[in-house]
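To start, the structure under review is shown below, and the notes come after it.
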Amino acid sequence: MIVLVSNLGSTSFKYKLLDIRSNSEAVIAEGDADRIGLGSSNWSVIAGDQSASGTADLDDHAAAIALHMNELAGMGVEQASRLDAVGYKAVHGGPISSAVIVDDHVLDVMSKFADVAPQHNPPYIEAMKAFAARLPDVPQVAAFETGYHQTIPEKRTTYAIPYEWTELGVRKYGFHGASHRYIATRMAEIAPEAQRIISCHLGGSCSICAIQDGKSVANSFGMTVQTGVTHASRVGDFDTFALLKLLAADINLDEIWQKLGKNGGLLGLSGVSSDLREIEIAADQGNQRARLAIDVFVESVRDYIGSYLAVLHGADAICFTGGIGQHGKAIRRAVLEGFEFAGVKLDLEKNKAADGRAETRIDVDGGDVAVWVLPTNEELIVARQAVEVLQGAESRN
């Protein structure tokens, strides 16, 4: 099957066009666009040995989709004209927590949960409608990020709130499901002996996942993607009662949400950037707020690793993925420092030499806990899920 997998942000559009077969899984083309709706978007397309890029005024995601589909056609990528499915790494579907064919009900539920996923659900809804208008006969599959975490026990998904609020859907859902599912799947292939895995997806958005026998049993995200580990520009874990202090300081609620969601995290702490690489440079130059931002980030990751060592009764492997996880050598070293008591022994030279683009084991030879750098592949997981959903639908007809 030919599947186009879309990954969207509030002002961005990324995709991969994949050929999914029983004996091979190949990327045919990929592309992206940024600054959607902000004027002068940068876009690029790569298809085999062909490439194209440029700038354009893209008013919305529909315009970005149209540009890329036209570019693929112009480059002679004939598979783009005979798609079997469009798949989405969808974020929040509330009670819908699996891979499903997109229909009016799915769109309605996503709309109802847009208030807790304001940066994700609206652009996905817009893109789904745009693809439906352009390719009305091509089925769309939403692979919700929460799906992988349905195996987490209720005692770890329930907040200690009045129970009637829980019945309204206020609970911990867990996200980054495609990434953590990929890590579990890939580890089963390259290190099947590792049954207890702590997966660390560290990047612009961050989460830690405890995996037992291939299944998620704990995830650092809560009700929304604002929670858990410190993020690039999102706050992470935060005491909700602190809002009282902010409101008393005449900061209105809209501004609070804005700052917690877009001006918090590494950006808010450092005052330098949301890019950890720039923050590390500033810290090395003596910027104390930058150093504090790094320390807070590292400590938040360590807190969850320590917690999940308890959940799993130890670990067989710790895996780092995502932009920071794969390339942040100093961060990996700082995060794992002091976990020798749990059998974690990082090989400093292997860690330093690791190329974040390649699968690399970086623990000391003979260590009790394997430490891996594993590039994730969320698009592949979504494409596989889309194929499974469509094949399941065909078998029922």
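Each chain in the structure tokens gets a letter, A, B, ..., in the order shown, and its residues are numbered from 1; ligands are numbered from 1 in order too.
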Find the residues around A:Cys206 up to 8 Å (only C-alpha atoms counted), leave out those fewer than 5 positions away in its own chain, and share them as JSON, numbers by chain. {"A": [200, 201, 228, 229, 230, 231]}
The selected residues should be written to file as an mmCIF file, in the first residue's frame (atoms: N, CA and C atoms).
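After the write, again16.cif holds the following:
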```
data_model
loop_
_atom_site.group_PDB
_atom_site.id
_atom_site.type_symbol
_atom_site.label_atom_id
_atom_site.label_comp_id
_atom_site.auth_asym_id
_atom_site.auth_seq_id
_atom_site.Cartn_x
_atom_site.Cartn_y
_atom_site.Cartn_z
ATOM 1 N N CYS A 200 13.291 7.092 26.370
ATOM 2 C CA CYS A 200 13.397 8.538 26.610
ATOM 3 C C CYS A 200 13.326 9.286 25.278
ATOM 4 N N HIS A 201 12.160 9.840 24.963
ATOM 5 C CA HIS A 201 12.003 10.654 23.757
ATOM 6 C C HIS A 201 12.240 12.099 24.169
ATOM 7 N N GLY A 228 4.483 16.577 32.310
ATOM 8 C CA GLY A 228 5.595 15.636 32.381
ATOM 9 C C GLY A 228 6.949 16.313 32.428
ATOM 10 N N VAL A 229 7.864 15.794 31.615
ATOM 11 C CA VAL A 229 9.236 16.306 31.556
ATOM 12 C C VAL A 229 9.237 17.752 31.061
ATOM 13 N N THR A 230 10.222 18.523 31.478
ATOM 14 C CA THR A 230 10.424 19.866 30.933
ATOM 15 C C THR A 230 10.598 19.786 29.426
ATOM 16 N N HIS A 231 9.919 20.660 28.683
ATOM 17 C CA HIS A 231 9.979 20.658 27.222
ATOM 18 C C HIS A 231 10.745 21.887 26.728
#
```
Distance query A:Leu260 at most 9 Å, only C-alpha atoms, self and fewer than 6 positions along chain excluded, as a ChimeraX atom specification: /A:226,233-236,268
Prev. selection, N, CA and C atoms, output as a short mmCIF file (atom, residue, chain, number, x, y, z; two decimals), in the first residue's frame:
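Below is the file selection-v9.cif, written as the result:
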```
data_model
loop_
_atom_site.label_atom_id
_atom_site.label_comp_id
_atom_site.auth_asym_id
_atom_site.auth_seq_id
_atom_site.Cartn_x
_atom_site.Cartn_y
_atom_site.Cartn_z
N GLN A 226 1.31 19.24 27.59
CA GLN A 226 2.02 20.30 28.31
C GLN A 226 2.73 19.76 29.54
N SER A 233 9.60 24.53 25.04
CA SER A 233 8.90 25.79 25.37
C SER A 233 7.62 25.54 26.15
N ARG A 234 7.38 24.29 26.56
CA ARG A 234 6.22 23.96 27.40
C ARG A 234 6.69 23.67 28.81
N VAL A 235 5.83 23.97 29.76
CA VAL A 235 6.23 23.96 31.15
C VAL A 235 6.58 22.58 31.69
N GLY A 236 5.87 21.53 31.27
CA GLY A 236 6.03 20.24 31.93
C GLY A 236 5.20 20.22 33.20
N GLY A 268 11.60 29.53 28.62
CA GLY A 268 11.23 30.41 29.73
C GLY A 268 12.30 30.48 30.80
#
```
Determine, counting only C-alpha atoms, which protein, DNA and RNA residues have an atom within 12 Å of an atom of A:Asp347; residues of the same chain fewer than 6 positions away are not included. Present the result as a PyMOL selection string. chain A and resi 329+332-333+336-337+340+353-354+360-367+369-372
Export of prior selection with N, CA and C atoms as a JSON list (two decimals), in the first residue's frame:
```
[["chain", "number", "residue", "atom", "x", "y", "z"],
["A", 329, "LYS", "N", 24.87, 14.50, 23.66],
["A", 329, "LYS", "CA", 25.84, 13.65, 24.35],
["A", 329, "LYS", "C", 26.01, 14.07, 25.81],
["A", 332, "ARG", "N", 22.82, 13.11, 27.79],
["A", 332, "ARG", "CA", 22.76, 11.68, 28.14],
["A", 332, "ARG", "C", 23.67, 11.37, 29.33],
["A", 333, "ARG", "N", 24.86, 11.94, 29.30],
["A", 333, "ARG", "CA", 25.81, 11.69, 30.38],
["A", 333, "ARG", "C", 25.27, 12.24, 31.71],
["A", 336, "LEU", "N", 22.23, 10.12, 33.13],
["A", 336, "LEU", "CA", 22.52, 8.78, 33.66],
["A", 336, "LEU", "C", 23.51, 8.79, 34.81],
["A", 337, "GLU", "N", 24.09, 9.94, 35.11],
["A", 337, "GLU", "CA", 25.06, 10.01, 36.19],
["A", 337, "GLU", "C", 24.41, 9.63, 37.53],
["A", 340, "GLU", "N", 24.43, 4.21, 38.68],
["A", 340, "GLU", "CA", 25.22, 2.99, 38.75],
["A", 340, "GLU", "C", 24.61, 1.98, 39.73],
["A", 353, "ALA", "N", 31.29, 9.24, 21.02],
["A", 353, "ALA", "CA", 31.48, 8.89, 19.61],
["A", 353, "ALA", "C", 30.17, 8.58, 18.89],
["A", 354, "ALA", "N", 29.09, 8.41, 19.64],
["A", 354, "ALA", "CA", 27.82, 7.99, 19.03],
["A", 354, "ALA", "C", 27.32, 9.01, 18.02],
["A", 360, "THR", "N", 23.10, 2.80, 18.16],
["A", 360, "THR", "CA", 24.38, 2.61, 18.83],
["A", 360, "THR", "C", 24.17, 2.24, 20.28],
["A", 361, "ARG", "N", 24.88, 1.23, 20.73],
["A", 361, "ARG", "CA", 24.85, 0.87, 22.15],
["A", 361, "ARG", "C", 26.03, 1.55, 22.84],
["A", 362, "ILE", "N", 25.76, 2.23, 23.97],
["A", 362, "ILE", "CA", 26.78, 3.10, 24.55],
["A", 362, "ILE", "C", 27.06, 2.80, 26.03],
["A", 363, "ASP", "N", 26.67, 1.63, 26.50],
["A", 363, "ASP", "CA", 27.00, 1.26, 27.88],
["A", 363, "ASP", "C", 28.32, 0.52, 27.92],
["A", 364, "VAL", "N", 28.85, 0.39, 29.11],
["A", 364, "VAL", "CA", 30.10, -0.35, 29.31],
["A", 364, "VAL", "C", 29.88, -1.82, 28.96],
["A", 365, "ASP", "N", 30.84, -2.42, 28.29],
["A", 365, "ASP", "CA", 30.73, -3.83, 27.93],
["A", 365, "ASP", "C", 30.44, -4.67, 29.16],
["A", 366, "GLY", "N", 29.41, -5.51, 29.05],
["A", 366, "GLY", "CA", 29.07, -6.37, 30.17],
["A", 366, "GLY", "C", 28.22, -5.71, 31.22],
["A", 367, "GLY", "N", 27.75, -4.50, 30.96],
["A", 367, "GLY", "CA", 26.91, -3.80, 31.93],
["A", 367, "GLY", "C", 25.57, -4.49, 32.12],
["A", 369, "VAL", "N", 22.63, -3.02, 32.47],
["A", 369, "VAL", "CA", 21.57, -2.31, 31.74],
["A", 369, "VAL", "C", 22.13, -1.80, 30.42],
["A", 370, "ALA", "N", 21.54, -2.23, 29.32],
["A", 370, "ALA", "CA", 21.98, -1.74, 28.00],
["A", 370, "ALA", "C", 21.50, -0.31, 27.81],
["A", 371, "VAL", "N", 22.35, 0.53, 27.27],
["A", 371, "VAL", "CA", 21.98, 1.91, 26.97],
["A", 371, "VAL", "C", 22.11, 2.10, 25.46],
["A", 372, "TRP", "N", 21.02, 2.51, 24.84],
["A", 372, "TRP", "CA", 20.98, 2.62, 23.39],
["A", 372, "TRP", "C", 20.65, 4.04, 22.94]]
```
Enumerate, as a VMD selection string, the complete set of residues in stretch 224-260 of chain A that a backbone-based DSSP assignment places in helix (DSSP H, G or I). chain A and resid 242 to 248 253 to 260
Selection export as a PDB file, in the first residue's frame, atoms kept: C-alpha atoms:
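Heads up, here's the output in result.pdb:
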```
ATOM      1  CA  ALA A 242       0.307  28.229  41.566  1.00  0.00           C
ATOM      2  CA  LEU A 243      -2.248  29.798  39.210  1.00  0.00           C
ATOM      3  CA  LEU A 244      -3.762  31.524  42.223  1.00  0.00           C
ATOM      4  CA  LYS A 245      -0.519  33.435  42.770  1.00  0.00           C
ATOM      5  CA  LEU A 246      -0.308  34.420  39.108  1.00  0.00           C
ATOM      6  CA  LEU A 247      -3.924  35.538  38.958  1.00  0.00           C
ATOM      7  CA  ALA A 248      -3.388  37.592  42.114  1.00  0.00           C
ATOM      8  CA  LEU A 253      -5.634  33.331  32.392  1.00  0.00           C
ATOM      9  CA  ASP A 254      -5.153  33.599  28.615  1.00  0.00           C
ATOM     10  CA  GLU A 255      -1.675  35.048  29.125  1.00  0.00           C
ATOM     11  CA  ILE A 256      -0.848  32.322  31.639  1.00  0.00           C
ATOM     12  CA  TRP A 257      -1.829  29.572  29.201  1.00  0.00           C
ATOM     13  CA  GLN A 258       0.152  31.266  26.447  1.00  0.00           C
ATOM     14  CA  LYS A 259       3.308  31.542  28.521  1.00  0.00           C
ATOM     15  CA  LEU A 260       3.080  28.047  29.996  1.00  0.00           C
TER      16      LEU A 260
END
```
Who sits within 9 Å of stretch 183-198 of chain A, only C-alpha atoms, same chain under 3 positions skipped, as a PyMOL selection string: chain A and resi 178-180+208-216+305+308-309+312-321+369-370+374-377
For stretch 390-394 of chain A, find every residue with an atom within 10 Å (counting only C-alpha atoms), except residues of its own chain fewer than 6 positions away, and show them as a PyMOL selection string. chain A and resi 1+84-85+100-101+139-141
Generate the output file for the selected residues, C-alpha atoms, as a short mmCIF file (atom, residue, chain, number, x, y, z; two decimals), in the first residue's frame.
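After the write, result-v6.cif holds the following:
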```
data_model
loop_
_atom_site.label_atom_id
_atom_site.label_comp_id
_atom_site.auth_asym_id
_atom_site.auth_seq_id
_atom_site.Cartn_x
_atom_site.Cartn_y
_atom_site.Cartn_z
CA MET A 1 0.00 0.00 0.00
CA ASP A 84 -4.14 3.97 -0.69
CA ALA A 85 -4.34 6.02 2.50
CA VAL A 100 -9.29 4.58 13.23
CA ILE A 101 -10.64 5.64 9.85
CA PRO A 139 -9.36 6.81 3.15
CA GLN A 140 -7.70 8.64 6.01
CA VAL A 141 -6.49 6.97 9.20
#
```
Can you tell me, as a ChimeraX atom specification, what residues are no more than 7 Å from A:Val45 when counting only C-alpha atoms, ignoring any on the same chain fewer than 3 positions away? /A:30-32,51-53
Next, dump the selected residues to file, keeping only N, CA and C atoms, as a CSV table (one decimal), in the first residue's frame.
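Contents of the output file part-v4.csv:
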```csv
chain,number,residue,atom,x,y,z
A,30,GLU,N,9.6,12.6,0.8
A,30,GLU,CA,9.3,13.3,2.0
A,30,GLU,C,9.4,14.8,1.8
A,31,GLY,N,8.8,15.6,2.7
A,31,GLY,CA,8.8,17.0,2.5
A,31,GLY,C,8.3,17.7,3.8
A,32,ASP,N,8.5,19.1,3.8
A,32,ASP,CA,8.0,19.8,4.9
A,32,ASP,C,7.8,21.3,4.5
A,51,SER,N,15.2,16.7,-5.7
A,51,SER,CA,14.9,17.6,-4.6
A,51,SER,C,14.4,18.9,-5.1
A,52,ALA,N,13.6,19.6,-4.4
A,52,ALA,CA,13.2,20.9,-4.7
A,52,ALA,C,12.9,21.7,-3.4
A,53,SER,N,13.1,23.0,-3.4
A,53,SER,CA,12.8,23.8,-2.2
A,53,SER,C,12.5,25.2,-2.6
```
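Straight-line separation from atom CA of A:Ile125 to atom CA of A:Arg171: 22.9 Å.
Residues in contact range of A:Val109, defined as at most 8 Å between only C-alpha atoms, with sequence neighbours fewer than 6 positions away removed, read Gly93, Gly94 and Ile96 of chain A.
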So that I have them on file, write out the residues from the current selection with N, CA and C atoms, as a PDB file, in the first residue's frame.
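Writing the result to again-v6.pdb gives the following:
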```
ATOM      1  N   GLY A  93      -7.532  12.245  20.929  1.00  0.00           N
ATOM      2  CA  GLY A  93      -8.882  11.856  20.538  1.00  0.00           C
ATOM      3  C   GLY A  93      -9.754  11.535  21.728  1.00  0.00           C
ATOM      4  N   GLY A  94      -9.303  11.924  22.935  1.00  0.00           N
ATOM      5  CA  GLY A  94     -10.100  11.654  24.119  1.00  0.00           C
ATOM      6  C   GLY A  94     -10.425  10.174  24.224  1.00  0.00           C
ATOM      7  N   ILE A  96     -11.340   8.173  21.972  1.00  0.00           N
ATOM      8  CA  ILE A  96     -10.858   7.415  20.815  1.00  0.00           C
ATOM      9  C   ILE A  96      -9.347   7.264  20.959  1.00  0.00           C
TER      10      ILE A  96
END
```
From a DSSP pass on the backbone, collect the residues of stretch 55-271 of chain A flagged as strand (DSSP E or B) and hand them back as a ChimeraX atom specification. /A:55-56,85-88,99-101,140-143,196-201,207-212,215-219
Keeping only N, CA and C atoms, write those residues as a PDB file, in the first residue's frame.
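The file below, out.pdb, is the result:
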```pdb
ATOM      1  N   THR A  55      10.409  29.195  -1.116  1.00  0.00           N
ATOM      2  CA  THR A  55       9.578  29.906  -0.156  1.00  0.00           C
ATOM      3  C   THR A  55       8.254  30.240  -0.827  1.00  0.00           C
ATOM      4  N   ALA A  56       7.231  30.319  -0.013  1.00  0.00           N
ATOM      5  CA  ALA A  56       5.899  30.637  -0.546  1.00  0.00           C
ATOM      6  C   ALA A  56       5.036  31.165   0.587  1.00  0.00           C
ATOM      7  N   ALA A  85      -3.898   5.433   1.234  1.00  0.00           N
ATOM      8  CA  ALA A  85      -4.340   6.017   2.497  1.00  0.00           C
ATOM      9  C   ALA A  85      -3.500   7.239   2.839  1.00  0.00           C
ATOM     10  N   VAL A  86      -4.093   8.120   3.632  1.00  0.00           N
ATOM     11  CA  VAL A  86      -3.362   9.208   4.281  1.00  0.00           C
ATOM     12  C   VAL A  86      -3.422   8.912   5.774  1.00  0.00           C
ATOM     13  N   GLY A  87      -2.260   8.818   6.400  1.00  0.00           N
ATOM     14  CA  GLY A  87      -2.198   8.523   7.828  1.00  0.00           C
ATOM     15  C   GLY A  87      -1.733   9.728   8.619  1.00  0.00           C
ATOM     16  N   TYR A  88      -2.185   9.811   9.860  1.00  0.00           N
ATOM     17  CA  TYR A  88      -1.846  10.946  10.712  1.00  0.00           C
ATOM     18  C   TYR A  88      -1.341  10.475  12.062  1.00  0.00           C
ATOM     19  N   ALA A  99      -6.015   3.447  16.322  1.00  0.00           N
ATOM     20  CA  ALA A  99      -5.963   3.892  14.928  1.00  0.00           C
ATOM     21  C   ALA A  99      -7.329   3.642  14.308  1.00  0.00           C
ATOM     22  N   VAL A 100      -7.921   4.684  13.754  1.00  0.00           N
ATOM     23  CA  VAL A 100      -9.285   4.584  13.227  1.00  0.00           C
ATOM     24  C   VAL A 100      -9.387   5.330  11.901  1.00  0.00           C
ATOM     25  N   ILE A 101     -10.350   4.918  11.089  1.00  0.00           N
ATOM     26  CA  ILE A 101     -10.642   5.639   9.851  1.00  0.00           C
ATOM     27  C   ILE A 101     -11.323   6.960  10.211  1.00  0.00           C
ATOM     28  N   GLN A 140      -8.658   8.043   5.090  1.00  0.00           N
ATOM     29  CA  GLN A 140      -7.704   8.645   6.011  1.00  0.00           C
ATOM     30  C   GLN A 140      -7.755   7.892   7.332  1.00  0.00           C
ATOM     31  N   VAL A 141      -6.587   7.695   7.933  1.00  0.00           N
ATOM     32  CA  VAL A 141      -6.492   6.967   9.200  1.00  0.00           C
ATOM     33  C   VAL A 141      -5.796   7.847  10.226  1.00  0.00           C
ATOM     34  N   ALA A 142      -6.451   8.034  11.359  1.00  0.00           N
ATOM     35  CA  ALA A 142      -5.860   8.769  12.476  1.00  0.00           C
ATOM     36  C   ALA A 142      -5.315   7.763  13.482  1.00  0.00           C
ATOM     37  N   ALA A 143      -3.997   7.744  13.636  1.00  0.00           N
ATOM     38  CA  ALA A 143      -3.353   6.871  14.619  1.00  0.00           C
ATOM     39  C   ALA A 143      -3.060   7.722  15.854  1.00  0.00           C
ATOM     40  N   ARG A 196      12.362  -5.126  29.968  1.00  0.00           N
ATOM     41  CA  ARG A 196      12.033  -3.926  30.760  1.00  0.00           C
ATOM     42  C   ARG A 196      12.824  -2.745  30.179  1.00  0.00           C
ATOM     43  N   ILE A 197      12.112  -1.852  29.499  1.00  0.00           N
ATOM     44  CA  ILE A 197      12.763  -0.773  28.760  1.00  0.00           C
ATOM     45  C   ILE A 197      12.250   0.579  29.242  1.00  0.00           C
ATOM     46  N   ILE A 198      13.164   1.510  29.431  1.00  0.00           N
ATOM     47  CA  ILE A 198      12.792   2.900  29.688  1.00  0.00           C
ATOM     48  C   ILE A 198      13.148   3.695  28.433  1.00  0.00           C
ATOM     49  N   SER A 199      12.125   4.171  27.749  1.00  0.00           N
ATOM     50  CA  SER A 199      12.288   4.898  26.486  1.00  0.00           C
ATOM     51  C   SER A 199      12.233   6.394  26.755  1.00  0.00           C
ATOM     52  N   CYS A 200      13.291   7.092  26.370  1.00  0.00           N
ATOM     53  CA  CYS A 200      13.397   8.538  26.610  1.00  0.00           C
ATOM     54  C   CYS A 200      13.326   9.286  25.278  1.00  0.00           C
ATOM     55  N   HIS A 201      12.160   9.840  24.963  1.00  0.00           N
ATOM     56  CA  HIS A 201      12.003  10.654  23.757  1.00  0.00           C
ATOM     57  C   HIS A 201      12.240  12.099  24.169  1.00  0.00           C
ATOM     58  N   SER A 207       9.104  13.044  26.462  1.00  0.00           N
ATOM     59  CA  SER A 207       8.386  12.143  27.357  1.00  0.00           C
ATOM     60  C   SER A 207       9.232  10.916  27.642  1.00  0.00           C
ATOM     61  N   ILE A 208       8.935  10.299  28.782  1.00  0.00           N
ATOM     62  CA  ILE A 208       9.590   9.076  29.207  1.00  0.00           C
ATOM     63  C   ILE A 208       8.513   8.006  29.306  1.00  0.00           C
ATOM     64  N   CYS A 209       8.840   6.793  28.871  1.00  0.00           N
ATOM     65  CA  CYS A 209       7.869   5.700  28.874  1.00  0.00           C
ATOM     66  C   CYS A 209       8.493   4.446  29.471  1.00  0.00           C
ATOM     67  N   ALA A 210       7.752   3.816  30.367  1.00  0.00           N
ATOM     68  CA  ALA A 210       8.161   2.519  30.901  1.00  0.00           C
ATOM     69  C   ALA A 210       7.487   1.433  30.080  1.00  0.00           C
ATOM     70  N   ILE A 211       8.287   0.511  29.539  1.00  0.00           N
ATOM     71  CA  ILE A 211       7.787  -0.542  28.650  1.00  0.00           C
ATOM     72  C   ILE A 211       8.098  -1.898  29.253  1.00  0.00           C
ATOM     73  N   GLN A 212       7.081  -2.706  29.424  1.00  0.00           N
ATOM     74  CA  GLN A 212       7.232  -4.067  29.951  1.00  0.00           C
ATOM     75  C   GLN A 212       6.715  -5.056  28.922  1.00  0.00           C
ATOM     76  N   LYS A 215       4.874  -3.551  26.014  1.00  0.00           N
ATOM     77  CA  LYS A 215       3.681  -2.752  26.279  1.00  0.00           C
ATOM     78  C   LYS A 215       4.000  -1.567  27.195  1.00  0.00           C
ATOM     79  N   SER A 216       3.329  -0.454  26.938  1.00  0.00           N
ATOM     80  CA  SER A 216       3.491   0.719  27.783  1.00  0.00           C
ATOM     81  C   SER A 216       2.808   0.480  29.127  1.00  0.00           C
ATOM     82  N   VAL A 217       3.550   0.732  30.213  1.00  0.00           N
ATOM     83  CA  VAL A 217       2.960   0.587  31.547  1.00  0.00           C
ATOM     84  C   VAL A 217       3.030   1.883  32.344  1.00  0.00           C
ATOM     85  N   ALA A 218       3.680   2.906  31.795  1.00  0.00           N
ATOM     86  CA  ALA A 218       3.713   4.234  32.421  1.00  0.00           C
ATOM     87  C   ALA A 218       4.252   5.229  31.412  1.00  0.00           C
ATOM     88  N   ASN A 219       3.734   6.456  31.456  1.00  0.00           N
ATOM     89  CA  ASN A 219       4.194   7.514  30.549  1.00  0.00           C
ATOM     90  C   ASN A 219       4.143   8.842  31.284  1.00  0.00           C
TER      91      ASN A 219
END
```
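Reported to one decimal place, the separation of atom CA of A:Thr146 from atom CA of A:Ser98 is 7.2 Å.
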